[in-house]
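The next block holds one structure in the form of structure tokens; read it before the comments.
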Amino acid sequence: MRIFEPHAHMFSRVTDDYEQMALAGIVGVLEPAFWLGQPRTSVGSFVDYFDAIIGWERFRAEQFGIRHYCTLSLNPKEANDDRVNEGVLALLPRYLEKDGVLGVGEIGFDDITPREERYLAAQLELARAHDLPALVHTPHRDKVRGVERTLAIMREVNFPPERVLIDHNTEQTVPLVIDTGCTMGFSIYPDTKMDEPRMVEILRQWGTDRMVINSAADWGKSDPLKIPKTVNLMRQKGMAEHEIEKVVWHNPVSFFAKSGRLDLRELDTPVSPGQLFEGNSILRGPRA
Amino acid sequence: MLKLAAAVGHRAAHDGPWPVEMAWGKGSASGAAAPVPELENDRATLTVPLLLGEDEVGAVVVSSGVRVFGGVDADDLALQCRALARALAPEPLAALRDEVARRVPPPAREWLEAGIAAAARGERERILTAFPAMGRRLGREPLGSRSALVPRDVDLDVPLRSWRIDDAGRVALLCGFSGDAETLARELYFTGDLRERCGALRGLAVLGRTPGAIDAVRDAIRSSAMELFEAALADNPYAGRFLPDDEFRHAVLKAAFVGVSIARVPGVEARADAELSRMLLSYVTEREVAGRSVPPDIWPVAALHPTPGLPGKLCGYLEHPAAAHRAAAAQALGRIGDRRAHPFLNDRLTREDDRTVRRILERALA
């Protein structure tokens, strides 16, 4: 089964992950810009980070036959940091025009502060200006309140819900989002967030329309194979193949295709050996 | 249609016919010009293709009832024919327009033409916006061209063999720009993603006239993203013209190291020196110690400044199962000109089946 991973921070992962993801059927991965676990002290660090995920990371992914896309933004945590917030916002218009950028994200809330509100609204405006969908992170703490505020701000700035993916949902937030028209993301995690059995139960209860799942794999304890592992459980629990494919392929692909920049024909074409760079130094090991 | 004739000696009368006259040109109406993909020499008639990159745009036939042509004549004429093909080549912008037009649908073509027109009016901002959008608009597939671009004021060529369609579109915009294209290419490199950076580097290959943008090349050569490294160095004369000696040598060594043929580095033979030979052969030793293969294109370059023992090593490679190694070793031995190698060259020639290798062996013995 073809899988599109709509949320993984590959910047923090090793090549083994790419290899296993490819073997498990993942053909496309979307990397949202987020924070790095360690606060950045200057705008220059963001320049390098953005350059890495629109360039180097795409190259790394293609070594393993995986197409790499991204969303870019000032993340909610660092929206609170006056050393970087305004400067990063000023960088974004140039970066949002880049080829593999399929949206603005992750934006949203962390501690639900006034600054976070301001940069969420400002970046929804940027998404509108660049005709891109938005990927919205919901907070780990006080999640329900965070989702409510997110939906309120979207209404305030009149941002179309069908162009928003609200991520990291749980049983508690589904009822708030299900009728808004937003796409709903679920991050399947080893310990926190969502797990496979609960996920299958949510899909059984609420259906598969506008539902997507992801691993949100990053620098913490996480697992880039969580989508294929959840697919296994979906099968064991008797979900129909076309329903599974809808959740792991059609829904995420059609959401990000709203950017107008996801070439479906290209996504369906395997990265051919001719496009891999012969003799590249990564595949040859520690020689570069 | 252009008619070309070449001859040794004089015509009998002022208006008299040349000894051999041959029509040539792509799609020539008479169909008289059959493709001549390879040099042919039957000793009395010499036929040499006019090559622009690897694209055969015509042929020159030289015939003489008297003279027998040797390998030196053939090689000389091949060089002259390359120069002639360059002289006849269209301007880079016209060539790129043509390459792109054959591969993209009309709306994409019109979008690019509008961009080129804006560039000609000096609208820098339009190029800055169009650069990142190029892949979405034109596609990112390999261009698949065998041809080459010839910059207007420098006699060198820039092969298109590894370009993609979006590269061609980006460089077309830079070629059309009425302002300082070199400075703009540099700026687009440092603000671009991987593909834009490749496009900017390929632009410098065609438009670079000063060392002003060499820091972009330096940045790309340091990269481990092969596509970027290749765009900076392979088929890119800008790097070869403006990198200082020590950096140029290290770039060539890295090419060998990462598997980019050093034969694709323009200027490598002109700039080769004893230090480069030492570095390349030390890399060969490192590979051989590890029981690994060695890229054959090192041999002809190292032979320009041979180290002690190199002829002996090359005699061994004359018996390599891969024709590429035999050809490269024979060419290298021809360059070194050490007569002690002749028995091995002759011995190989008696058993050699590969036509190209045979020709090179014969040249090495001449």
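By order of appearance in the structure tokens: chains A, B, ..., then residues from 1 within every chain, and ligands from 1 in the order shown.
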
* Report as a VMD selection string: the residues of range 261-347 of chain B with a DSSP assignment of alpha helix (DSSP H), based on the backbone of this structure. => chain B and resid 268 to 271 274 to 289 298 to 302 310 to 317 323 to 336 342 to 347

* Please report, as a VMD selection string, each residue of range 56-246 of chain A to which DSSP assigns strand (DSSP E) when run on this structure's backbone. => chain A and resid 67 to 72 101 to 108 134 to 137 164 to 166 183 to 187 211 to 214

* Which polymer residues have any atom within 8 Å of an atom of Lys258 in chain A, counting only C-alpha atoms, with same-chain residues fewer than 2 positions away left out, as a PyMOL selection string? -> chain A and resi 132-133+163+254-256+260-261

Convert the current residue selection to file output with N, CA and C atoms, as an mmCIF file, in the first residue's frame.
data_model
loop_
_atom_site.group_PDB
_atom_site.id
_atom_site.type_symbol
_atom_site.label_atom_id
_atom_site.label_comp_id
_atom_site.auth_asym_id
_atom_site.auth_seq_id
_atom_site.Cartn_x
_atom_site.Cartn_y
_atom_site.Cartn_z
ATOM 1 N N LEU A 132 -1.634 29.054 0.046
ATOM 2 C CA LEU A 132 -1.189 27.775 0.600
ATOM 3 C C LEU A 132 -2.111 27.327 1.737
ATOM 4 N N PRO A 133 -2.256 26.015 1.911
ATOM 5 C CA PRO A 133 -2.968 25.515 3.090
ATOM 6 C C PRO A 133 -2.130 25.709 4.365
ATOM 7 N N ARG A 163 -8.958 24.440 4.025
ATOM 8 C CA ARG A 163 -7.525 24.593 3.744
ATOM 9 C C ARG A 163 -6.691 24.522 5.024
ATOM 10 N N SER A 254 -4.674 14.668 -1.073
ATOM 11 C CA SER A 254 -5.607 15.659 -1.618
ATOM 12 C C SER A 254 -5.594 16.929 -0.767
ATOM 13 N N PHE A 255 -5.303 16.806 0.526
ATOM 14 C CA PHE A 255 -5.192 18.037 1.324
ATOM 15 C C PHE A 255 -4.019 18.890 0.845
ATOM 16 N N PHE A 256 -2.843 18.299 0.739
ATOM 17 C CA PHE A 256 -1.680 19.113 0.367
ATOM 18 C C PHE A 256 -1.676 19.481 -1.121
ATOM 19 N N GLY A 260 -1.598 23.411 -4.878
ATOM 20 C CA GLY A 260 -1.348 23.542 -6.318
ATOM 21 C C GLY A 260 0.082 23.188 -6.692
ATOM 22 N N ARG A 261 0.842 22.684 -5.726
ATOM 23 C CA ARG A 261 2.263 22.425 -5.989
ATOM 24 C C ARG A 261 2.638 20.946 -5.852
#

* To do: Just the residues within 9 Å of range 336-351 of chain B, please, counting only C-alpha atoms, with nothing from its chain fewer than 6 positions along; format it as a PyMOL selection string.
  => chain B and resi 303-306+311-312+314-316+318-319+330+357-358+361-362+364-365

* **Proximal residues of chain B relative to chain A (only C-alpha atoms; 12 Å) as a ChimeraX atom specification** => /B:125,128-142,144,162-164,166,188-198,220-231,253-261,283,286-287,295

Taking C-alpha atoms for each residue, export the selection above as a PDB file, in the first residue's frame.
ATOM      1  CA  GLU B 125      11.900  41.121  -9.291  1.00  0.00           C
ATOM      2  CA  LEU B 128      13.357  36.468  -8.370  1.00  0.00           C
ATOM      3  CA  THR B 129       9.717  35.305  -8.363  1.00  0.00           C
ATOM      4  CA  ALA B 130      10.014  33.083 -11.423  1.00  0.00           C
ATOM      5  CA  PHE B 131      13.142  31.261 -10.225  1.00  0.00           C
ATOM      6  CA  PRO B 132      11.500  29.205  -7.443  1.00  0.00           C
ATOM      7  CA  ALA B 133       8.349  28.623  -9.553  1.00  0.00           C
ATOM      8  CA  MET B 134      10.271  27.213 -12.536  1.00  0.00           C
ATOM      9  CA  GLY B 135       9.974  23.515 -11.590  1.00  0.00           C
ATOM     10  CA  ARG B 136       6.222  23.829 -11.045  1.00  0.00           C
ATOM     11  CA  ARG B 137       5.756  25.638 -14.357  1.00  0.00           C
ATOM     12  CA  LEU B 138       8.049  23.755 -16.739  1.00  0.00           C
ATOM     13  CA  GLY B 139       8.647  20.452 -14.967  1.00  0.00           C
ATOM     14  CA  ARG B 140      11.780  18.961 -13.483  1.00  0.00           C
ATOM     15  CA  GLU B 141      12.511  16.097 -15.828  1.00  0.00           C
ATOM     16  CA  PRO B 142      15.897  15.698 -17.479  1.00  0.00           C
ATOM     17  CA  GLY B 144      17.602  14.992 -22.482  1.00  0.00           C
ATOM     18  CA  SER B 162      22.921  16.661 -17.316  1.00  0.00           C
ATOM     19  CA  TRP B 163      20.540  19.650 -17.328  1.00  0.00           C
ATOM     20  CA  ARG B 164      16.900  19.409 -16.381  1.00  0.00           C
ATOM     21  CA  ASP B 166      13.866  23.792 -15.072  1.00  0.00           C
ATOM     22  CA  LEU B 188      19.808  33.568  -6.629  1.00  0.00           C
ATOM     23  CA  TYR B 189      22.253  30.885  -5.563  1.00  0.00           C
ATOM     24  CA  PHE B 190      22.437  32.042  -1.980  1.00  0.00           C
ATOM     25  CA  THR B 191      18.677  32.532  -1.646  1.00  0.00           C
ATOM     26  CA  GLY B 192      17.687  29.444  -3.605  1.00  0.00           C
ATOM     27  CA  ASP B 193      16.681  25.888  -2.826  1.00  0.00           C
ATOM     28  CA  LEU B 194      18.631  22.944  -4.230  1.00  0.00           C
ATOM     29  CA  ARG B 195      17.165  23.182  -7.740  1.00  0.00           C
ATOM     30  CA  GLU B 196      17.415  26.971  -7.905  1.00  0.00           C
ATOM     31  CA  ARG B 197      21.040  26.724  -6.840  1.00  0.00           C
ATOM     32  CA  CYS B 198      21.743  24.259  -9.624  1.00  0.00           C
ATOM     33  CA  ALA B 220      28.384  24.053  -3.838  1.00  0.00           C
ATOM     34  CA  ILE B 221      31.666  22.159  -4.073  1.00  0.00           C
ATOM     35  CA  ARG B 222      31.704  21.793  -0.292  1.00  0.00           C
ATOM     36  CA  SER B 223      28.218  20.315  -0.401  1.00  0.00           C
ATOM     37  CA  SER B 224      27.504  16.617  -0.108  1.00  0.00           C
ATOM     38  CA  ALA B 225      24.394  17.006  -2.272  1.00  0.00           C
ATOM     39  CA  MET B 226      25.724  15.468  -5.449  1.00  0.00           C
ATOM     40  CA  GLU B 227      23.386  17.305  -7.763  1.00  0.00           C
ATOM     41  CA  LEU B 228      24.763  20.600  -6.492  1.00  0.00           C
ATOM     42  CA  PHE B 229      28.375  19.492  -6.627  1.00  0.00           C
ATOM     43  CA  GLU B 230      27.905  18.269 -10.180  1.00  0.00           C
ATOM     44  CA  ALA B 231      26.237  21.503 -11.302  1.00  0.00           C
ATOM     45  CA  LEU B 253      39.918  15.052  -6.441  1.00  0.00           C
ATOM     46  CA  LYS B 254      36.481  15.238  -4.839  1.00  0.00           C
ATOM     47  CA  ALA B 255      34.912  14.586  -8.257  1.00  0.00           C
ATOM     48  CA  ALA B 256      36.961  11.394  -8.582  1.00  0.00           C
ATOM     49  CA  PHE B 257      36.130  10.522  -4.992  1.00  0.00           C
ATOM     50  CA  VAL B 258      32.356  10.890  -5.318  1.00  0.00           C
ATOM     51  CA  GLY B 259      32.145   9.276  -8.743  1.00  0.00           C
ATOM     52  CA  VAL B 260      31.802  12.269 -11.070  1.00  0.00           C
ATOM     53  CA  SER B 261      34.016  11.708 -14.106  1.00  0.00           C
ATOM     54  CA  TYR B 283      43.729   8.295  -4.249  1.00  0.00           C
ATOM     55  CA  GLU B 286      44.105   4.203  -1.371  1.00  0.00           C
ATOM     56  CA  ARG B 287      41.433   2.505  -3.499  1.00  0.00           C
ATOM     57  CA  PRO B 295      37.764   5.466 -12.121  1.00  0.00           C
TER      58      PRO B 295
END

* Compare A:Met1, A:Leu176, A:Met154, A:Val14 by their minimum atom-to-atom distance to Glu245 in chain A, counting only C-alpha atoms, and give me the closest one. =>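 Comparing A:Met1, A:Leu176, A:Met154, A:Val14 against Glu245 in chain A, the winner is A:Met1.
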
* Long-range neighbours of range 205-218 of chain B as a ChimeraX atom specification, 8 Å cut-off, only C-alpha atoms, 5 positions minimum in chain -> /B:92,149-151,158,175,181-183,185-186,189-190,232-233,235-239,242-243

Give me a file of those residues, with C-alpha atoms, as a short mmCIF file (atom, residue, chain, number, x, y, z; two decimals), in the first residue's frame.
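Full text of result.cif as output:
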data_model
loop_
_atom_site.label_atom_id
_atom_site.label_comp_id
_atom_site.auth_asym_id
_atom_site.auth_seq_id
_atom_site.Cartn_x
_atom_site.Cartn_y
_atom_site.Cartn_z
CA PRO B 92 22.52 30.54 -25.73
CA LEU B 149 25.55 26.08 -25.35
CA VAL B 150 28.24 28.40 -26.62
CA PRO B 151 28.59 31.68 -24.74
CA VAL B 158 28.64 24.10 -21.98
CA CYS B 175 20.54 35.03 -20.41
CA ALA B 181 23.37 38.58 -14.75
CA GLU B 182 26.44 37.30 -12.93
CA THR B 183 25.64 39.20 -9.74
CA ALA B 185 22.98 34.49 -10.44
CA ARG B 186 25.09 34.72 -7.31
CA TYR B 189 22.25 30.89 -5.56
CA PHE B 190 22.44 32.04 -1.98
CA ALA B 232 29.15 23.51 -9.89
CA LEU B 233 31.96 21.52 -11.40
CA ASP B 235 30.41 20.64 -17.57
CA ASN B 236 30.79 24.02 -15.87
CA PRO B 237 33.72 26.04 -17.25
CA TYR B 238 33.16 28.82 -14.72
CA ALA B 239 34.66 26.76 -11.89
CA PHE B 242 38.14 31.04 -11.69
CA LEU B 243 38.93 28.61 -8.86
#

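By only C-alpha atoms, and with residues fewer than 2 positions from Ala61 in chain A along its chain excluded, the set lying at most 10 Å from it is Met10, Thr15, Asp17, Tyr18, Glu19, Ala22, Val27, Gly28, Val29, Trp56, Glu57, Arg58, Phe59, Gln63, Phe64, Gly65, Ile66, Arg67, His68, Tyr69 and Val271 of chain A.
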
Please write the residues from the selection above to a file, keeping N, CA and C atoms, as a CSV table (one decimal), in the first residue's frame.
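Result saved to again-v8.csv:
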chain,number,residue,atom,x,y,z
A,10,MET,N,12.2,14.9,9.5
A,10,MET,CA,13.2,14.0,9.0
A,10,MET,C,14.6,14.6,9.3
A,15,THR,N,19.5,7.9,8.3
A,15,THR,CA,19.2,7.3,7.0
A,15,THR,C,18.5,6.0,7.1
A,17,ASP,N,16.1,5.3,9.0
A,17,ASP,CA,14.7,5.6,9.0
A,17,ASP,C,14.1,5.7,7.6
A,18,TYR,N,14.8,6.5,6.8
A,18,TYR,CA,14.4,6.6,5.4
A,18,TYR,C,14.3,5.2,4.7
A,19,GLU,N,15.3,4.4,5.0
A,19,GLU,CA,15.3,3.1,4.3
A,19,GLU,C,14.1,2.3,4.7
A,22,ALA,N,10.8,3.6,3.4
A,22,ALA,CA,10.6,3.3,2.0
A,22,ALA,C,10.2,1.8,1.9
A,27,VAL,N,6.0,6.6,0.2
A,27,VAL,CA,6.6,7.2,-1.0
A,27,VAL,C,6.8,8.7,-1.0
A,28,GLY,N,6.1,9.3,0.0
A,28,GLY,CA,6.2,10.8,0.1
A,28,GLY,C,6.2,11.1,1.6
A,29,VAL,N,6.9,12.1,1.9
A,29,VAL,CA,6.9,12.6,3.3
A,29,VAL,C,6.9,14.1,3.3
A,56,TRP,N,18.8,20.1,1.3
A,56,TRP,CA,19.5,18.9,1.8
A,56,TRP,C,18.6,17.7,2.1
A,57,GLU,N,17.5,18.0,2.8
A,57,GLU,CA,16.6,17.0,3.3
A,57,GLU,C,15.9,16.3,2.1
A,58,ARG,N,15.6,17.1,1.1
A,58,ARG,CA,15.0,16.6,-0.2
A,58,ARG,C,15.9,15.6,-0.8
A,59,PHE,N,17.2,16.0,-0.9
A,59,PHE,CA,18.2,15.2,-1.5
A,59,PHE,C,18.4,13.9,-0.7
A,63,GLN,N,17.5,9.8,-2.0
A,63,GLN,CA,18.4,8.6,-2.0
A,63,GLN,C,17.7,7.3,-1.8
A,64,PHE,N,16.6,7.4,-1.0
A,64,PHE,CA,15.9,6.2,-0.6
A,64,PHE,C,14.6,6.1,-1.4
A,65,GLY,N,14.4,6.8,-2.4
A,65,GLY,CA,13.2,6.7,-3.3
A,65,GLY,C,12.0,7.4,-2.7
A,66,ILE,N,12.2,8.3,-1.7
A,66,ILE,CA,11.1,9.0,-1.1
A,66,ILE,C,11.1,10.5,-1.6
A,67,ARG,N,9.9,10.9,-2.0
A,67,ARG,CA,9.7,12.4,-2.3
A,67,ARG,C,9.5,13.1,-1.0
A,68,HIS,N,10.2,14.3,-0.9
A,68,HIS,CA,10.2,15.1,0.3
A,68,HIS,C,9.6,16.4,0.0
A,69,TYR,N,8.6,16.8,0.9
A,69,TYR,CA,8.0,18.1,0.8
A,69,TYR,C,8.0,18.7,2.2
A,271,VAL,N,11.1,7.5,-7.7
A,271,VAL,CA,12.3,8.2,-8.0
A,271,VAL,C,13.2,7.2,-8.7

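Ranking A:Ala8, A:Leu225, A:Ile188, A:Met234 by their shortest atom-to-atom distance to Arg204 in chain A, with only C-alpha atoms included, puts A:Met234 first.
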
* Tell me, as a ChimeraX atom specification, which residues lie within 10 Å of Glu123 in chain B, counting only C-alpha atoms; anything in the same chain fewer than 6 positions away does not count. => /B:115-117,177-179

Keeping only N, CA and C atoms, write those residues as a PDB file, in the first residue's frame.
ATOM      1  N   GLY B 115       8.375  35.885 -18.966  1.00  0.00           N
ATOM      2  CA  GLY B 115       9.471  36.099 -18.020  1.00  0.00           C
ATOM      3  C   GLY B 115      10.725  36.602 -18.730  1.00  0.00           C
ATOM      4  N   ILE B 116      11.027  36.020 -19.877  1.00  0.00           N
ATOM      5  CA  ILE B 116      12.217  36.439 -20.632  1.00  0.00           C
ATOM      6  C   ILE B 116      12.052  37.896 -21.087  1.00  0.00           C
ATOM      7  N   ALA B 117      10.836  38.231 -21.508  1.00  0.00           N
ATOM      8  CA  ALA B 117      10.576  39.614 -21.945  1.00  0.00           C
ATOM      9  C   ALA B 117      10.763  40.578 -20.775  1.00  0.00           C
ATOM     10  N   PHE B 177      18.393  38.560 -19.191  1.00  0.00           N
ATOM     11  CA  PHE B 177      18.414  39.710 -18.275  1.00  0.00           C
ATOM     12  C   PHE B 177      19.310  40.819 -18.825  1.00  0.00           C
ATOM     13  N   SER B 178      18.791  42.034 -18.822  1.00  0.00           N
ATOM     14  CA  SER B 178      19.573  43.149 -19.378  1.00  0.00           C
ATOM     15  C   SER B 178      20.515  43.764 -18.344  1.00  0.00           C
ATOM     16  N   GLY B 179      20.373  43.369 -17.088  1.00  0.00           N
ATOM     17  CA  GLY B 179      21.270  43.890 -16.051  1.00  0.00           C
ATOM     18  C   GLY B 179      22.481  42.990 -15.851  1.00  0.00           C
TER      19      GLY B 179
END
